[in-house]
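Raw start_36.cif, mmCIF, N, CA and C atoms:
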data_run
#
loop_
_atom_site.label_atom_id
_atom_site.label_comp_id
_atom_site.auth_asym_id
_atom_site.auth_seq_id
_atom_site.Cartn_x
_atom_site.Cartn_y
_atom_site.Cartn_z
N MET A 1 36.21 65.07 9.46
CA MET A 1 35.74 66.43 9.58
C MET A 1 34.37 66.54 8.91
N ASP A 2 33.48 67.25 9.52
CA ASP A 2 32.14 67.43 8.94
C ASP A 2 32.23 67.96 7.52
N GLY A 3 31.44 67.36 6.63
CA GLY A 3 31.41 67.78 5.24
C GLY A 3 32.25 66.92 4.32
N ASP A 4 33.19 66.14 4.89
CA ASP A 4 34.00 65.25 4.07
C ASP A 4 33.13 64.11 3.55
N VAL A 5 33.55 63.48 2.47
CA VAL A 5 32.82 62.36 1.89
C VAL A 5 33.51 61.07 2.33
N GLU A 6 32.72 60.13 2.82
CA GLU A 6 33.25 58.87 3.32
C GLU A 6 32.60 57.71 2.57
N THR A 7 33.43 56.83 2.02
CA THR A 7 32.95 55.61 1.36
C THR A 7 33.18 54.47 2.32
N LEU A 8 32.11 53.74 2.66
CA LEU A 8 32.21 52.68 3.66
C LEU A 8 31.31 51.51 3.31
N TYR A 9 31.59 50.36 3.94
CA TYR A 9 30.82 49.14 3.73
C TYR A 9 29.95 48.92 4.96
N GLU A 10 28.65 48.80 4.73
CA GLU A 10 27.71 48.64 5.83
C GLU A 10 26.48 47.89 5.34
N ASN A 11 26.03 46.92 6.10
CA ASN A 11 24.84 46.13 5.75
C ASN A 11 24.91 45.54 4.34
N GLN A 12 26.06 45.00 4.01
CA GLN A 12 26.31 44.34 2.72
C GLN A 12 26.18 45.26 1.51
N LEU A 13 26.35 46.55 1.73
CA LEU A 13 26.34 47.55 0.64
C LEU A 13 27.48 48.52 0.85
N TRP A 14 28.02 49.00 -0.26
CA TRP A 14 28.98 50.10 -0.21
C TRP A 14 28.19 51.39 -0.26
N LYS A 15 28.55 52.33 0.61
CA LYS A 15 27.79 53.58 0.73
C LYS A 15 28.72 54.78 0.71
N ASN A 16 28.17 55.89 0.28
CA ASN A 16 28.85 57.18 0.39
C ASN A 16 28.02 58.02 1.33
N ARG A 17 28.71 58.62 2.30
CA ARG A 17 28.02 59.42 3.30
C ARG A 17 28.82 60.69 3.54
N ILE A 18 28.12 61.77 3.76
CA ILE A 18 28.76 63.02 4.14
C ILE A 18 28.99 62.95 5.65
N VAL A 19 30.23 63.15 6.08
CA VAL A 19 30.55 63.08 7.51
C VAL A 19 29.73 64.13 8.25
N GLY A 20 29.10 63.71 9.32
CA GLY A 20 28.22 64.57 10.08
C GLY A 20 26.76 64.27 9.83
N HIS A 21 26.48 63.49 8.78
CA HIS A 21 25.12 63.07 8.46
C HIS A 21 25.00 61.58 8.77
N GLN A 22 23.82 61.15 9.15
CA GLN A 22 23.62 59.75 9.48
C GLN A 22 23.25 58.91 8.26
N ARG A 23 22.51 59.48 7.35
CA ARG A 23 22.03 58.73 6.18
C ARG A 23 23.05 58.76 5.05
N ALA A 24 23.08 57.68 4.29
CA ALA A 24 23.96 57.60 3.13
C ALA A 24 23.43 58.47 2.01
N ALA A 25 24.33 59.10 1.29
CA ALA A 25 23.95 59.91 0.13
C ALA A 25 23.57 59.00 -1.04
N ASN A 26 24.26 57.84 -1.14
CA ASN A 26 23.95 56.86 -2.18
C ASN A 26 24.56 55.52 -1.80
N THR A 27 24.16 54.48 -2.51
CA THR A 27 24.68 53.13 -2.26
C THR A 27 25.12 52.52 -3.59
N ALA A 28 25.95 51.49 -3.48
CA ALA A 28 26.43 50.79 -4.67
C ALA A 28 26.67 49.32 -4.31
N LYS A 29 26.61 48.45 -5.30
CA LYS A 29 26.84 47.03 -5.07
C LYS A 29 28.32 46.70 -5.05
N SER A 30 29.14 47.51 -5.72
CA SER A 30 30.58 47.23 -5.76
C SER A 30 31.37 48.37 -5.13
N ARG A 31 32.54 48.02 -4.62
CA ARG A 31 33.42 49.00 -4.00
C ARG A 31 33.89 50.00 -5.05
N ALA A 32 34.26 49.51 -6.21
CA ALA A 32 34.78 50.39 -7.27
C ALA A 32 33.75 51.45 -7.65
N GLU A 33 32.51 51.05 -7.79
CA GLU A 33 31.44 51.98 -8.15
C GLU A 33 31.25 53.04 -7.06
N ALA A 34 31.27 52.61 -5.79
CA ALA A 34 31.10 53.54 -4.68
C ALA A 34 32.26 54.51 -4.58
N VAL A 35 33.48 54.01 -4.76
CA VAL A 35 34.67 54.87 -4.69
C VAL A 35 34.63 55.92 -5.80
N LYS A 36 34.25 55.50 -6.98
CA LYS A 36 34.18 56.44 -8.12
C LYS A 36 33.15 57.55 -7.84
N THR A 37 31.98 57.17 -7.35
CA THR A 37 30.95 58.15 -7.04
C THR A 37 31.39 59.06 -5.89
N GLY A 38 32.00 58.47 -4.86
CA GLY A 38 32.49 59.25 -3.73
C GLY A 38 33.55 60.25 -4.14
N ARG A 39 34.44 59.84 -5.05
CA ARG A 39 35.48 60.75 -5.57
C ARG A 39 34.85 61.94 -6.27
N HIS A 40 33.86 61.69 -7.10
CA HIS A 40 33.18 62.78 -7.81
C HIS A 40 32.49 63.71 -6.82
N MET A 41 31.87 63.15 -5.79
CA MET A 41 31.21 63.97 -4.77
C MET A 41 32.23 64.86 -4.06
N ALA A 42 33.36 64.28 -3.66
CA ALA A 42 34.39 65.04 -2.94
C ALA A 42 34.99 66.13 -3.81
N LYS A 43 35.22 65.83 -5.09
CA LYS A 43 35.76 66.85 -5.99
C LYS A 43 34.77 68.00 -6.16
N ALA A 44 33.50 67.67 -6.32
CA ALA A 44 32.48 68.71 -6.50
C ALA A 44 32.34 69.57 -5.25
N ARG A 45 32.50 68.95 -4.08
CA ARG A 45 32.37 69.67 -2.81
C ARG A 45 33.68 70.31 -2.37
N ARG A 46 34.78 69.96 -3.08
CA ARG A 46 36.13 70.42 -2.72
C ARG A 46 36.44 70.10 -1.26
N THR A 47 36.41 68.79 -1.00
CA THR A 47 36.62 68.31 0.37
C THR A 47 37.48 67.06 0.34
N VAL A 48 37.58 66.36 1.44
CA VAL A 48 38.39 65.14 1.56
C VAL A 48 37.50 63.92 1.29
N HIS A 49 38.07 62.94 0.59
CA HIS A 49 37.38 61.67 0.34
C HIS A 49 38.09 60.59 1.15
N ILE A 50 37.37 59.99 2.07
CA ILE A 50 37.90 58.92 2.93
C ILE A 50 37.29 57.61 2.46
N VAL A 51 38.15 56.65 2.12
CA VAL A 51 37.68 55.33 1.69
C VAL A 51 38.04 54.34 2.79
N ARG A 52 37.05 53.64 3.29
CA ARG A 52 37.26 52.65 4.35
C ARG A 52 37.20 51.24 3.76
N SER A 53 37.96 50.33 4.34
CA SER A 53 37.90 48.93 3.92
C SER A 53 36.68 48.29 4.59
N GLU A 54 36.41 47.05 4.27
CA GLU A 54 35.24 46.37 4.81
C GLU A 54 35.26 46.29 6.33
N ASP A 55 36.46 46.26 6.94
CA ASP A 55 36.55 46.17 8.40
C ASP A 55 36.47 47.54 9.08
N GLY A 56 36.34 48.61 8.30
CA GLY A 56 36.17 49.95 8.86
C GLY A 56 37.43 50.78 8.98
N THR A 57 38.58 50.18 8.71
CA THR A 57 39.82 50.95 8.79
C THR A 57 39.97 51.84 7.56
N VAL A 58 40.69 52.95 7.70
CA VAL A 58 40.89 53.87 6.59
C VAL A 58 41.88 53.24 5.62
N ALA A 59 41.43 53.02 4.39
CA ALA A 59 42.28 52.42 3.36
C ALA A 59 42.91 53.50 2.48
N ARG A 60 42.24 54.64 2.38
CA ARG A 60 42.72 55.69 1.48
C ARG A 60 42.10 57.01 1.88
N ARG A 61 42.85 58.07 1.65
CA ARG A 61 42.37 59.41 1.98
C ARG A 61 42.89 60.36 0.91
N ASP A 62 41.98 60.97 0.16
CA ASP A 62 42.36 61.90 -0.90
C ASP A 62 41.80 63.28 -0.60
N ASP A 63 42.64 64.29 -0.75
CA ASP A 63 42.26 65.66 -0.43
C ASP A 63 41.99 66.44 -1.72
N TYR A 64 40.78 66.92 -1.88
CA TYR A 64 40.39 67.68 -3.07
C TYR A 64 40.07 69.13 -2.70
N ARG A 65 40.71 69.62 -1.62
CA ARG A 65 40.46 70.99 -1.17
C ARG A 65 41.34 72.01 -1.88
N THR A 66 41.97 71.65 -2.97
CA THR A 66 42.79 72.59 -3.72
C THR A 66 42.10 72.96 -5.03
N SER A 67 42.55 74.04 -5.60
CA SER A 67 42.00 74.46 -6.89
C SER A 67 42.51 73.53 -7.98
N ARG A 68 42.04 73.71 -9.17
CA ARG A 68 42.45 72.85 -10.29
C ARG A 68 43.93 72.99 -10.61
N ARG A 69 44.53 74.10 -10.23
CA ARG A 69 45.97 74.31 -10.48
C ARG A 69 46.82 73.79 -9.34
N GLY A 70 46.20 73.18 -8.35
CA GLY A 70 46.95 72.62 -7.23
C GLY A 70 47.26 73.62 -6.13
N VAL A 71 46.69 74.81 -6.23
CA VAL A 71 46.91 75.85 -5.21
C VAL A 71 45.89 75.65 -4.10
N PRO A 72 46.35 75.59 -2.84
CA PRO A 72 45.38 75.42 -1.74
C PRO A 72 44.34 76.54 -1.73
N LEU A 73 43.10 76.16 -1.51
CA LEU A 73 42.03 77.14 -1.41
C LEU A 73 42.07 77.78 -0.03
N PRO A 74 41.63 79.03 0.07
CA PRO A 74 41.61 79.67 1.39
C PRO A 74 40.62 78.96 2.29
N PRO A 75 40.90 78.93 3.61
CA PRO A 75 39.96 78.28 4.52
C PRO A 75 38.63 78.98 4.55
N GLU A 76 37.58 78.20 4.75
CA GLU A 76 36.23 78.77 4.76
C GLU A 76 35.93 79.41 6.09
#
Can you dump the structure from the file as C-alpha cells?
Amino acid sequence: MDGDVETLYENQLWKNRIVGHQRAANTAKSRAEAVKTGRHMAKARRTVHIVRSEDGTVARRDDYRTSRRGVPLPPE
C-alpha cells in the first residue's frame, strides 16, 4: 500500500523505500541496520513495515498503524 515502508535488497545494498516512490529513502550495508532504520521509519509514519529477503519474497510484515496503547487508529 502506498506510504508503507519497505526494506529490500537491491544492487548489493539493503534499502528502505516508501511504497509508491521509486527512490530509496536510505541505504545500509547490513540487513540488520536497514531493518532497524525501516522499523523506526514505519513507527514514525504509523504505517506497515515490509521486510523482504534477498530473493524479493516477503520475510516479515509488521503493522505500526495502532496507537501506543495498541488501539487501532481511525482510518485516514
Students should find that CA of Thr57 (chain A) and CA of Ala44 (chain A) are spaced 24.6 Å
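With CA of Val5 (chain A) on one side and CA of Met41 (chain A) on the other, the separation reads 7.0 Å.
Closest approach to Arg23 (chain A) among A:Arg46, A:Glu6, A:Lys36, A:Met1 is made by A:Glu6 (distances from only C-alpha atoms).
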Could you list, as a ChimeraX atom specification, every residue matched by the PyMOL selection byres ((chain A and resi 3) around 8) in this structure? /A:1-2,4-6,17-21,42,45-49
Could you work out how far CA of Thr66 (chain A) lies from CA of Arg39 (chain A), giving the answer in Å with one decimal? 14.0 Å
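The residue that comes closest to Thr37 (chain A), out of A:Val58, A:Asn16, A:Tyr9, A:Arg52 and on the basis of all atoms listed in the file, is A:Asn16.
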Residues of region 5-75 of chain A classed as helix (DSSP H, G or I) by DSSP on the backbone are to be reported as a count of residues only. 15
Distance query Leu13 (chain A) at most 8 Å, only C-alpha atoms, self and fewer than 4 positions along chain excluded, as a list in words: Tyr9, Thr27, Ala28, Lys29 and Ser30 of chain A
Store the residues picked out above in a file with N, CA and C atoms, as a PDB file, in the frame of the given file.
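Ended up saving to selection-v3.pdb:
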ATOM      1  N   TYR A   9      31.590  50.360   3.940  1.00  0.00           N
ATOM      2  CA  TYR A   9      30.820  49.140   3.730  1.00  0.00           C
ATOM      3  C   TYR A   9      29.950  48.920   4.960  1.00  0.00           C
ATOM      4  N   THR A  27      24.160  54.480  -2.510  1.00  0.00           N
ATOM      5  CA  THR A  27      24.680  53.130  -2.260  1.00  0.00           C
ATOM      6  C   THR A  27      25.120  52.520  -3.590  1.00  0.00           C
ATOM      7  N   ALA A  28      25.950  51.490  -3.480  1.00  0.00           N
ATOM      8  CA  ALA A  28      26.430  50.790  -4.670  1.00  0.00           C
ATOM      9  C   ALA A  28      26.670  49.320  -4.310  1.00  0.00           C
ATOM     10  N   LYS A  29      26.610  48.450  -5.300  1.00  0.00           N
ATOM     11  CA  LYS A  29      26.840  47.030  -5.070  1.00  0.00           C
ATOM     12  C   LYS A  29      28.320  46.700  -5.050  1.00  0.00           C
ATOM     13  N   SER A  30      29.140  47.510  -5.720  1.00  0.00           N
ATOM     14  CA  SER A  30      30.580  47.230  -5.760  1.00  0.00           C
ATOM     15  C   SER A  30      31.370  48.370  -5.130  1.00  0.00           C
TER      16      SER A  30
END
